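> work-v8.pdb is reproduced below (PDB, C-alpha atoms).
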```pdb
MODEL        1
ATOM      1  CA  MET N  28       0.000   0.000   0.000
ATOM      2  CA  ASN N  29       1.185   3.537  -0.747
ATOM      3  CA  CYS N  30       0.375   6.866   0.955
ATOM      4  CA  LYS N  31      -2.671   7.414  -1.257
ATOM      5  CA  GLY N  32      -4.001   4.044  -0.213
ATOM      6  CA  VAL N  33      -3.661   4.989   3.452
ATOM      7  CA  ILE N  34      -5.779   8.098   2.879
ATOM      8  CA  ARG N  35      -8.339   6.072   0.958
ATOM      9  CA  GLU N  36      -8.665   3.525   3.770
ATOM     10  CA  LEU N  37      -8.200   6.023   6.620
ATOM     11  CA  SER N  38     -11.825   6.146   7.773
ATOM     12  CA  SER N  39     -12.271   2.388   7.758
ATOM     13  CA  TYR N  40      -8.990   1.997   9.623
ATOM     14  CA  LEU N  41      -9.961   4.490  12.312
ATOM     15  CA  GLU N  42     -13.352   2.852  12.695
ATOM     16  CA  GLY N  43     -11.812  -0.603  13.020
ATOM     17  CA  ASP N  44     -13.662  -1.753   9.914
ATOM     18  CA  LEU N  45     -10.739  -2.695   7.702
ATOM     19  CA  GLU N  46     -10.575  -6.273   6.532
ATOM     20  CA  THR N  47      -7.498  -8.250   7.553
ATOM     21  CA  THR N  48      -5.434  -8.135   4.350
ATOM     22  CA  LEU N  49      -5.836  -4.392   3.914
ATOM     23  CA  LEU N  50      -5.193  -3.858   7.622
ATOM     24  CA  THR N  51      -1.896  -5.725   7.418
ATOM     25  CA  ASP N  52      -0.843  -3.823   4.262
ATOM     26  CA  LEU N  53      -1.724  -0.517   5.862
ATOM     27  CA  GLU N  54       0.153  -1.258   9.060
ATOM     28  CA  VAL N  55       3.229  -2.394   7.149
ATOM     29  CA  HIS N  56       3.165   0.962   5.360
ATOM     30  CA  LEU N  57       2.675   2.887   8.625
ATOM     31  CA  LYS N  58       5.725   1.223  10.125
ATOM     32  CA  ARG N  59       7.963   2.745   7.471
ATOM     33  CA  CYS N  60       6.177   6.031   6.684
ATOM     34  CA  GLU N  61       6.310   8.660   9.404
ATOM     35  CA  ASP N  62       4.141  11.142   7.498
ATOM     36  CA  CYS N  63       1.296   8.647   7.255
ATOM     37  CA  ARG N  64       1.679   7.758  10.947
ATOM     38  CA  LEU N  65       1.318  11.431  11.807
ATOM     39  CA  ILE N  66      -1.695  11.859   9.544
ATOM     40  CA  VAL N  67      -3.436   8.821  11.047
ATOM     41  CA  ASP N  68      -2.632   9.938  14.582
ATOM     42  CA  THR N  69      -3.704  13.556  14.177
ATOM     43  CA  THR N  70      -6.895  12.613  12.318
ATOM     44  CA  ARG N  71      -7.764  10.255  15.182
ATOM     45  CA  LYS N  72      -7.071  13.067  17.653
ATOM     46  CA  THR N  73      -9.246  15.448  15.634
ATOM     47  CA  ILE N  74     -12.221  13.128  16.007
ATOM     48  CA  GLU N  75     -11.476  12.514  19.685
ATOM     49  CA  ILE N  76     -11.255  16.221  20.447
ATOM     50  CA  TYR N  77     -14.730  16.793  19.002
ATOM     51  CA  CYS N  78     -16.121  13.738  20.746
ATOM     52  CA  LYS N  79     -14.748  14.676  24.119
ATOM     53  CA  ALA N  80     -15.649  18.364  24.052
ATOM     54  CA  GLU N  81     -18.413  18.952  26.557
ATOM     55  CA  PRO N  82     -21.069  21.355  25.357
ATOM     56  CA  VAL N  83     -21.204  24.581  27.316
ATOM     57  CA  PRO N  84     -24.494  24.736  29.260
ATOM     58  CA  LEU N  85     -27.103  26.883  27.547
ATOM     59  CA  PRO N  86     -26.852  30.556  28.427
ATOM     60  CA  ASP N  87     -29.551  31.328  31.033
ATOM     61  CA  ASP N  88     -31.546  33.639  28.785
ATOM     62  CA  VAL N  89     -31.630  31.069  25.972
ATOM     63  CA  ARG N  90     -32.625  28.319  28.360
ATOM     64  CA  VAL N  91     -35.430  30.295  30.000
ATOM     65  CA  ARG N  92     -36.785  31.377  26.626
ATOM     66  CA  LEU N  93     -36.666  27.831  25.275
ATOM     67  CA  HIS N  94     -38.491  26.304  28.240
ATOM     68  CA  GLU N  95     -41.104  29.064  28.449
ATOM     69  CA  THR N  96     -41.891  28.857  24.736
ATOM     70  CA  LEU N  97     -42.002  25.072  24.686
ATOM     71  CA  MET N  98     -44.224  24.762  27.710
ATOM     72  CA  ARG N  99     -46.554  27.555  26.545
ATOM     73  CA  ARG N 100     -46.986  26.022  23.106
ATOM     74  CA  LEU N 101     -47.228  22.449  24.277
ATOM     75  CA  ILE N 102     -49.755  23.218  27.025
ATOM     76  CA  ARG N 103     -51.876  25.113  24.501
ATOM     77  CA  LYS N 104     -51.620  22.141  22.163
ATOM     78  CA  SER N 105     -52.656  19.585  24.767
ATOM     79  CA  ASP N 106     -55.573  21.799  25.884
ATOM     80  CA  ALA N 107     -56.826  22.133  22.325
TER      81      ALA N 107
ATOM     82  CA  MET P  15     -11.781   0.251  27.888
ATOM     83  CA  HIS P  16     -14.492  -0.584  30.355
ATOM     84  CA  HIS P  17     -13.770   2.196  32.775
ATOM     85  CA  MET P  18     -13.884   4.707  29.906
ATOM     86  CA  VAL P  19     -17.234   3.466  28.728
ATOM     87  CA  ASP P  20     -18.598   3.570  32.269
ATOM     88  CA  SER P  21     -17.495   7.141  32.757
ATOM     89  CA  TYR P  22     -19.122   8.173  29.497
ATOM     90  CA  ALA P  23     -22.312   6.342  30.361
ATOM     91  CA  THR P  24     -23.038   8.948  33.016
ATOM     92  CA  LEU P  25     -23.121  11.699  30.409
ATOM     93  CA  PRO P  26     -26.350  12.779  28.719
ATOM     94  CA  ARG P  27     -25.130  10.933  25.691
ATOM     95  CA  SER P  28     -22.890   8.004  25.271
ATOM     96  CA  GLY P  29     -19.578   9.736  24.615
ATOM     97  CA  CYS P  30     -17.033   9.102  21.956
ATOM     98  CA  TRP P  31     -17.050   5.649  20.446
ATOM     99  CA  LEU P  32     -13.660   6.275  18.952
ATOM    100  CA  ALA P  33     -11.987   7.238  22.210
ATOM    101  CA  ALA P  34     -13.696   4.397  23.991
ATOM    102  CA  CYS P  35     -12.875   1.715  21.518
ATOM    103  CA  TRP P  36      -9.621   2.801  19.938
ATOM    104  CA  GLY P  37      -7.406   1.051  22.423
ATOM    105  CA  ASN P  38      -9.180  -2.169  21.719
ATOM    106  CA  VAL P  39      -9.583  -1.920  18.005
ATOM    107  CA  LYS P  40      -6.745  -4.247  17.239
ATOM    108  CA  ASN P  41      -7.771  -6.789  19.850
ATOM    109  CA  ALA P  42     -11.309  -6.601  18.622
ATOM    110  CA  MET P  43     -10.174  -7.041  15.053
ATOM    111  CA  SER P  44      -8.331 -10.215  15.899
ATOM    112  CA  ALA P  45     -11.204 -11.694  17.858
ATOM    113  CA  ALA P  46     -13.282 -13.368  15.190
ATOM    114  CA  GLY P  47     -16.395 -11.447  14.347
ATOM    115  CA  SER P  48     -16.335  -9.279  17.436
ATOM    116  CA  LYS P  49     -16.471  -5.519  17.036
ATOM    117  CA  PRO P  50     -15.985  -2.884  19.684
ATOM    118  CA  GLN P  51     -19.299  -2.025  21.255
ATOM    119  CA  LEU P  52     -20.436   1.377  20.130
ATOM    120  CA  PRO P  53     -21.473   3.567  23.028
ATOM    121  CA  SER P  54     -24.567   4.461  21.033
ATOM    122  CA  THR P  55     -25.894   1.163  22.336
ATOM    123  CA  ILE P  56     -25.562   2.462  25.872
ATOM    124  CA  VAL P  57     -28.718   4.280  26.865
ATOM    125  CA  ARG P  58     -29.485   5.814  30.198
ATOM    126  CA  SER P  59     -31.884   3.386  31.745
ATOM    127  CA  ASP P  60     -34.728   5.810  32.341
ATOM    128  CA  GLU P  61     -34.838   7.251  28.815
ATOM    129  CA  GLY P  62     -37.427   4.732  27.645
ATOM    130  CA  ALA P  63     -39.664   5.463  30.628
ATOM    131  CA  LEU P  64     -39.416   9.216  30.047
ATOM    132  CA  VAL P  65     -40.279   8.805  26.373
ATOM    133  CA  SER P  66     -43.245   6.558  27.199
ATOM    134  CA  ALA P  67     -44.533   9.071  29.750
ATOM    135  CA  ALA P  68     -44.066  11.944  27.299
ATOM    136  CA  LYS P  69     -46.028   9.972  24.698
ATOM    137  CA  THR P  70     -49.022  10.005  27.025
ATOM    138  CA  GLY P  71     -48.733  13.804  27.213
ATOM    139  CA  ASP P  72     -46.651  14.067  30.396
ATOM    140  CA  LEU P  73     -45.000  17.461  29.909
ATOM    141  CA  GLY P  74     -42.816  17.011  32.996
ATOM    142  CA  ALA P  75     -41.246  13.914  31.480
ATOM    143  CA  PHE P  76     -40.733  15.719  28.189
ATOM    144  CA  GLU P  77     -39.150  18.677  29.959
ATOM    145  CA  GLU P  78     -36.686  16.288  31.591
ATOM    146  CA  LEU P  79     -35.703  15.075  28.111
ATOM    147  CA  VAL P  80     -35.290  18.705  27.059
ATOM    148  CA  ASN P  81     -33.085  19.387  30.117
ATOM    149  CA  ARG P  82     -30.990  16.415  29.240
ATOM    150  CA  TYR P  83     -30.328  17.199  25.598
ATOM    151  CA  GLU P  84     -30.800  20.956  25.135
ATOM    152  CA  ALA P  85     -27.096  21.862  25.410
ATOM    153  CA  ARG P  86     -26.093  19.217  22.876
ATOM    154  CA  ILE P  87     -28.879  20.081  20.460
ATOM    155  CA  PHE P  88     -28.079  23.782  20.726
ATOM    156  CA  ARG P  89     -24.408  23.113  20.050
ATOM    157  CA  LEU P  90     -25.307  20.960  17.055
ATOM    158  CA  THR P  91     -27.641  23.554  15.532
ATOM    159  CA  MET P  92     -25.126  26.295  16.311
ATOM    160  CA  ASN P  93     -22.404  24.308  14.548
ATOM    161  CA  ILE P  94     -24.570  23.799  11.483
ATOM    162  CA  THR P  95     -26.118  27.259  11.187
ATOM    163  CA  GLN P  96     -23.179  29.280  12.606
ATOM    164  CA  ASN P  97     -25.820  31.746  13.777
ATOM    165  CA  ARG P  98     -27.121  32.068  17.326
ATOM    166  CA  GLU P  99     -30.631  33.179  16.462
ATOM    167  CA  ASP P 100     -31.094  30.395  13.911
ATOM    168  CA  ALA P 101     -29.678  27.879  16.364
ATOM    169  CA  GLN P 102     -32.154  28.964  19.060
ATOM    170  CA  ASP P 103     -35.083  28.703  16.654
ATOM    171  CA  ALA P 104     -33.907  25.353  15.274
ATOM    172  CA  THR P 105     -33.494  23.965  18.802
ATOM    173  CA  GLN P 106     -36.934  25.117  19.816
ATOM    174  CA  ASP P 107     -38.584  23.808  16.645
ATOM    175  CA  ALA P 108     -36.776  20.475  16.957
ATOM    176  CA  PHE P 109     -38.115  19.909  20.471
ATOM    177  CA  LEU P 110     -41.606  21.049  19.484
ATOM    178  CA  LYS P 111     -41.681  18.728  16.481
ATOM    179  CA  SER P 112     -40.291  15.833  18.445
ATOM    180  CA  PHE P 113     -43.072  16.195  21.019
ATOM    181  CA  GLN P 114     -45.747  16.558  18.371
ATOM    182  CA  ASN P 115     -44.504  13.499  16.482
ATOM    183  CA  LEU P 116     -43.563  11.380  19.457
ATOM    184  CA  ASN P 117     -46.138   8.761  18.528
ATOM    185  CA  ARG P 118     -44.201   8.119  15.331
ATOM    186  CA  PHE P 119     -41.065   7.315  17.308
ATOM    187  CA  GLN P 120     -40.923   3.534  17.275
ATOM    188  CA  GLY P 121     -38.131   3.038  19.746
ATOM    189  CA  ASP P 122     -35.972   1.134  17.265
ATOM    190  CA  SER P 123     -33.218   3.722  17.682
ATOM    191  CA  ARG P 124     -32.274   5.929  20.610
ATOM    192  CA  PHE P 125     -34.622   8.801  21.246
ATOM    193  CA  TYR P 126     -31.603  11.080  21.090
ATOM    194  CA  THR P 127     -30.621   9.851  17.607
ATOM    195  CA  TRP P 128     -34.160  10.472  16.434
ATOM    196  CA  LEU P 129     -34.097  13.968  17.967
ATOM    197  CA  VAL P 130     -30.747  14.711  16.316
ATOM    198  CA  ARG P 131     -32.180  13.907  12.908
ATOM    199  CA  ILE P 132     -35.068  16.312  13.457
ATOM    200  CA  ALA P 133     -32.689  19.003  14.732
ATOM    201  CA  VAL P 134     -30.343  18.616  11.746
ATOM    202  CA  ASN P 135     -33.218  19.106   9.342
ATOM    203  CA  GLU P 136     -34.442  22.167  11.217
ATOM    204  CA  ALA P 137     -30.943  23.646  11.250
ATOM    205  CA  LEU P 138     -30.430  22.978   7.534
ATOM    206  CA  MET P 139     -33.756  24.635   6.737
ATOM    207  CA  LYS P 140     -32.680  27.764   8.624
ATOM    208  CA  LEU P 141     -29.334  27.734   6.868
ATOM    209  CA  ARG P 142     -30.939  27.366   3.433
ATOM    210  CA  LYS P 143     -33.239  30.286   4.175
ATOM    211  CA  ARG P 144     -30.333  32.486   5.126
ATOM    212  CA  ARG P 145     -27.905  31.349   2.467
ATOM    213  CA  PRO P 146     -29.996  29.758  -0.299
ATOM    214  CA  ASN P 147     -27.175  29.699  -2.829
ATOM    215  CA  VAL P 148     -24.583  28.175  -0.567
ATOM    216  CA  VAL P 149     -26.328  25.150   0.831
ATOM    217  CA  SER P 150     -26.744  22.320  -1.547
ATOM    218  CA  LEU P 151     -26.597  18.833  -0.172
ATOM    219  CA  ASP P 152     -26.873  17.309  -3.600
ATOM    220  CA  GLU P 153     -24.043  18.756  -5.607
ATOM    221  CA  PRO P 154     -20.871  18.724  -3.618
ATOM    222  CA  VAL P 155     -17.683  19.790  -5.288
ATOM    223  CA  GLU P 156     -15.260  17.053  -4.337
ATOM    224  CA  THR P 157     -11.758  17.187  -5.699
ATOM    225  CA  GLU P 158      -8.650  15.095  -5.246
ATOM    226  CA  GLU P 159      -7.093  18.155  -3.678
ATOM    227  CA  ASP P 160      -9.509  17.813  -0.702
ATOM    228  CA  VAL P 161      -7.772  14.701   0.492
ATOM    229  CA  ILE P 162      -4.143  15.682   0.121
ATOM    230  CA  PRO P 163      -2.685  16.525   3.535
ATOM    231  CA  HIS P 164      -0.485  19.619   3.600
ATOM    232  CA  GLU P 165       0.245  20.106   7.275
ATOM    233  CA  ILE P 166       2.068  17.104   8.659
ATOM    234  CA  GLN P 167       3.258  17.702  12.193
ATOM    235  CA  ASP P 168       3.084  15.905  15.496
ATOM    236  CA  TRP P 169       0.445  17.076  17.992
ATOM    237  CA  ASP P 170       0.477  17.232  21.760
ATOM    238  CA  PRO P 171      -0.394  13.862  23.294
ATOM    239  CA  THR P 172      -3.339  15.510  25.067
ATOM    240  CA  PRO P 173      -4.171  18.509  22.888
ATOM    241  CA  GLU P 174      -7.550  19.054  24.537
ATOM    242  CA  GLN P 175      -5.869  19.978  27.808
ATOM    243  CA  ARG P 176      -4.231  22.990  26.302
ATOM    244  CA  TYR P 177      -7.332  25.153  26.285
ATOM    245  CA  ALA P 178     -10.124  25.956  28.745
ATOM    246  CA  ARG P 179     -13.558  24.610  27.831
ATOM    247  CA  THR P 180     -15.011  27.866  26.517
ATOM    248  CA  GLU P 181     -11.921  28.616  24.464
ATOM    249  CA  MET P 182     -11.829  25.053  23.181
ATOM    250  CA  ASN P 183     -15.477  25.193  22.150
ATOM    251  CA  SER P 184     -14.934  28.368  20.194
ATOM    252  CA  ILE P 185     -11.863  26.920  18.442
ATOM    253  CA  LEU P 186     -13.854  23.833  17.489
ATOM    254  CA  ASN P 187     -16.904  25.803  16.410
ATOM    255  CA  GLU P 188     -14.839  28.144  14.280
ATOM    256  CA  ALA P 189     -13.021  25.252  12.654
ATOM    257  CA  ILE P 190     -16.306  23.517  11.814
ATOM    258  CA  GLY P 191     -17.605  26.811  10.429
ATOM    259  CA  LYS P 192     -14.827  26.805   7.848
ATOM    260  CA  LEU P 193     -16.119  23.594   6.318
ATOM    261  CA  ASP P 194     -18.700  23.544   3.576
ATOM    262  CA  PRO P 195     -22.140  22.882   5.200
ATOM    263  CA  ILE P 196     -22.446  19.505   3.485
ATOM    264  CA  PHE P 197     -19.168  18.343   4.980
ATOM    265  CA  ARG P 198     -19.707  19.716   8.457
ATOM    266  CA  THR P 199     -23.196  18.235   8.741
ATOM    267  CA  VAL P 200     -21.928  14.762   7.882
ATOM    268  CA  PHE P 201     -19.041  15.111  10.352
ATOM    269  CA  LEU P 202     -21.340  16.311  13.145
ATOM    270  CA  LEU P 203     -23.801  13.495  12.591
ATOM    271  CA  ARG P 204     -21.265  10.715  12.232
ATOM    272  CA  ASP P 205     -18.415  11.653  14.536
ATOM    273  CA  VAL P 206     -19.964  13.918  17.127
ATOM    274  CA  GLU P 207     -23.494  12.529  17.426
ATOM    275  CA  GLN P 208     -22.495   9.009  16.451
ATOM    276  CA  VAL P 209     -25.351   8.441  14.080
ATOM    277  CA  SER P 210     -24.661   5.394  11.874
ATOM    278  CA  THR P 211     -23.562   5.807   8.248
ATOM    279  CA  GLU P 212     -26.875   4.389   7.039
ATOM    280  CA  GLU P 213     -28.964   6.654   9.288
ATOM    281  CA  THR P 214     -26.893   9.669   8.248
ATOM    282  CA  ALA P 215     -27.474   8.824   4.595
ATOM    283  CA  GLU P 216     -31.193   8.483   5.228
ATOM    284  CA  ALA P 217     -31.425  11.676   7.284
ATOM    285  CA  LEU P 218     -29.656  13.745   4.639
ATOM    286  CA  GLY P 219     -31.154  12.014   1.617
ATOM    287  CA  ILE P 220     -27.755  11.070   0.186
ATOM    288  CA  SER P 221     -26.081   7.747  -0.580
ATOM    289  CA  VAL P 222     -23.902   5.728   1.799
ATOM    290  CA  PRO P 223     -20.779   6.220  -0.395
ATOM    291  CA  ALA P 224     -21.474   9.974  -0.387
ATOM    292  CA  VAL P 225     -21.573   9.970   3.416
ATOM    293  CA  LYS P 226     -18.264   8.112   3.554
ATOM    294  CA  SER P 227     -16.577  10.356   1.031
ATOM    295  CA  ARG P 228     -17.748  13.554   2.742
ATOM    296  CA  LEU P 229     -16.797  12.255   6.148
ATOM    297  CA  LEU P 230     -13.243  11.534   5.016
ATOM    298  CA  ARG P 231     -12.931  15.003   3.498
ATOM    299  CA  ALA P 232     -14.372  16.657   6.597
ATOM    300  CA  ARG P 233     -12.028  14.777   8.933
ATOM    301  CA  LEU P 234      -8.950  15.624   6.870
ATOM    302  CA  LYS P 235      -9.927  19.263   6.436
ATOM    303  CA  LEU P 236     -10.603  19.709  10.156
ATOM    304  CA  ARG P 237      -7.263  18.113  10.926
ATOM    305  CA  GLU P 238      -5.564  20.717   8.766
ATOM    306  CA  ILE P 239      -7.519  23.603  10.304
ATOM    307  CA  LEU P 240      -6.805  22.469  13.862
ATOM    308  CA  ASN P 241      -3.141  21.751  13.225
ATOM    309  CA  PRO P 242      -1.863  25.227  14.283
ATOM    310  CA  PHE P 243      -3.733  24.953  17.591
ATOM    311  CA  PHE P 244      -2.620  21.503  18.625
ATOM    312  CA  ARG P 245       0.777  20.843  17.075
ATOM    313  CA  ARG P 246       3.682  20.489  19.462
ATOM    314  CA  ASN P 247       5.100  23.808  20.634
ATOM    315  CA  ALA P 248       2.189  25.592  18.988
ATOM    316  CA  THR P 249       1.864  29.266  19.697
ATOM    317  CA  ALA P 250      -1.526  29.769  18.027
TER     318      ALA P 250
ENDMDL
END
```
Would you mind writing the file out in structure tokens?


Amino acid sequence: MNCKGVIRELSSYLEGDLETTLLTDLEVHLKRCEDCRLIVDTTRKTIEIYCKAEPVPLPDDVRVRLHETLMRRLIRKSDA
Amino acid sequence: MHHMVDSYATLPRSGCWLAACWGNVKNAMSAAGSKPQLPSTIVRSDEGALVSAAKTGDLGAFEELVNRYEARIFRLTMNITQNREDAQDATQDAFLKSFQNLNRFQGDSRFYTWLVRIAVNEALMKLRKRRPNVVSLDEPVETEEDVIPHEIQDWDPTPEQRYARTEMNSILNEAIGKLDPIFRTVFLLRDVEQVSTEETAEALGISVPAVKSRLLRARLKLREILNPFFRRNATA
């Protein structure tokens, strides 16, 4: 496998979905290609960073407005 | 792996499947037929009861579901629309629609996944209204150039520890905002909300290969955009 092949199979590799032959080929390439190792590693970190980021709690004004509107409209609906 | 999954299970959602399963990917690959368990299969035990109660019109139960997911849904709609007012409206409309259509929810996926799909559609509608010429989900311009990495540097082992949460969120939001809407929506659904490839394809009305191709491009592009913030000895 060459560097292009690594990019092509990158998603499947990161998701653990690569079939055995391709997996072996890819890992043989990674052992000797530092650039591809870095690309794989930093792409994995990119996904992890987004996964791990905790959402900031809703700002109070947004939260109050959301709940008031929802409850007002849903109560009206269930009364109708 | 187990302790990571447990710690994520206490969050409103299931956490990152990639982080949770990465360490075990190779072991899992070698064990015949076994795949790492996706955290999307881990549901807080009372979610079903809350949904059932809400289906009978229990607004208290529905409000608890809103409490649980509002921050995530707001972040998602904010990431897609890149506009606070649109994100607020999309969040509100998503919860309203989910309540009104709750009887159509069959329980064959997580309630949260179902809610995410509604929220994505609401957010895309707002985005199309605001920027009708920019948002096309059907005709992406995909070039070979999209997948050629330019920045190849090592990152900090724990890049997320470099920034405080608010700062981190704005870095991530800004980076996502630089992607074409079709790419960022696929990335948010697949990697952040952990919706399956098939469900993403269905939700966006595109093919499975299109989801895969856009996801790869989004991941690589984000990697490039984030590189200055997380590379070793970065000063960004």

> Could you expand the PyMOL selection byres ((chain N) within 7 of (chain P)) into the explicit residues it covers here, written as an NGL selection string?

:N and (38 or 43 or 62 or 65-66 or 69-70 or 73-79 or 82-85 or 93 or 97)

> How close does range 63-106 of chain N get to range 44-55 of chain N? List, as JSON lines, each residue of range 63-106 of chain N within 12 Å, its nearest atom pair and the distance in Å to one decimal, counting only C-alpha atoms.


```
{"residue": "N:Cys63", "atom": "CA", "partner": "N:Leu53", "partner_atom": "CA", "distance": 9.7}
{"residue": "N:Arg64", "atom": "CA", "partner": "N:Glu54", "partner_atom": "CA", "distance": 9.3}
{"residue": "N:Val67", "atom": "CA", "partner": "N:Leu53", "partner_atom": "CA", "distance": 10.8}
```

> Which value, in Å to one decimal, gives the distance between CA of Arg204 in chain P and CA of Arg145 in chain P?

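Taking CA of Arg204 in chain P and CA of Arg145 in chain P, their separation equals 23.8 Å.
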
> For the structure provided, state which residues fall under the PyMOL selection byres ((chain N and resi 33) around 9), and present them as a VMD selection string.

chain N and resid 28 to 32 34 to 37 40 53 56 to 57 63 67

> Would you write out those residues with C-alpha atoms, as an mmCIF file, keeping the file's coordinate frame?


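Result file again-v1.cif:
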```cif
data_model
loop_
_atom_site.group_PDB
_atom_site.id
_atom_site.type_symbol
_atom_site.label_atom_id
_atom_site.label_comp_id
_atom_site.auth_asym_id
_atom_site.auth_seq_id
_atom_site.Cartn_x
_atom_site.Cartn_y
_atom_site.Cartn_z
ATOM 1 C CA MET N 28 0.000 0.000 0.000
ATOM 2 C CA ASN N 29 1.185 3.537 -0.747
ATOM 3 C CA CYS N 30 0.375 6.866 0.955
ATOM 4 C CA LYS N 31 -2.671 7.414 -1.257
ATOM 5 C CA GLY N 32 -4.001 4.044 -0.213
ATOM 6 C CA ILE N 34 -5.779 8.098 2.879
ATOM 7 C CA ARG N 35 -8.339 6.072 0.958
ATOM 8 C CA GLU N 36 -8.665 3.525 3.770
ATOM 9 C CA LEU N 37 -8.200 6.023 6.620
ATOM 10 C CA TYR N 40 -8.990 1.997 9.623
ATOM 11 C CA LEU N 53 -1.724 -0.517 5.862
ATOM 12 C CA HIS N 56 3.165 0.962 5.360
ATOM 13 C CA LEU N 57 2.675 2.887 8.625
ATOM 14 C CA CYS N 63 1.296 8.647 7.255
ATOM 15 C CA VAL N 67 -3.436 8.821 11.047
#
```

> Mind working out the centre and edge lengths of an axis-aligned box for range 210-229 of chain P, all listed atoms inside, 3 Å added to each side, rounded to one decimal in Å and written as lines of an AutoDock Vina configuration file?


```
center_x = -24.0
center_y = 9.1
center_z = 5.6
size_x = 20.8
size_y = 15.4
size_z = 18.5
```

> Work out how far apart CA of Arg131 in chain P and CA of Lys111 in chain P are and give it in Å to one decimal.

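Separating CA of Arg131 in chain P from CA of Lys111 in chain P is a distance of 11.2 Å.
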
> Could you tell me how far CA of Ala137 in chain P sits from CA of Ile94 in chain P, in Å to one decimal place?

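Here the two named atoms are 6.4 Å from each other.
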
> Which residue gives the smallest distance to Gly62 in chain P among P:Asp122, P:Asp160, P:Asp100, P:Glu212, with only C-alpha atoms counted?

P:Asp122
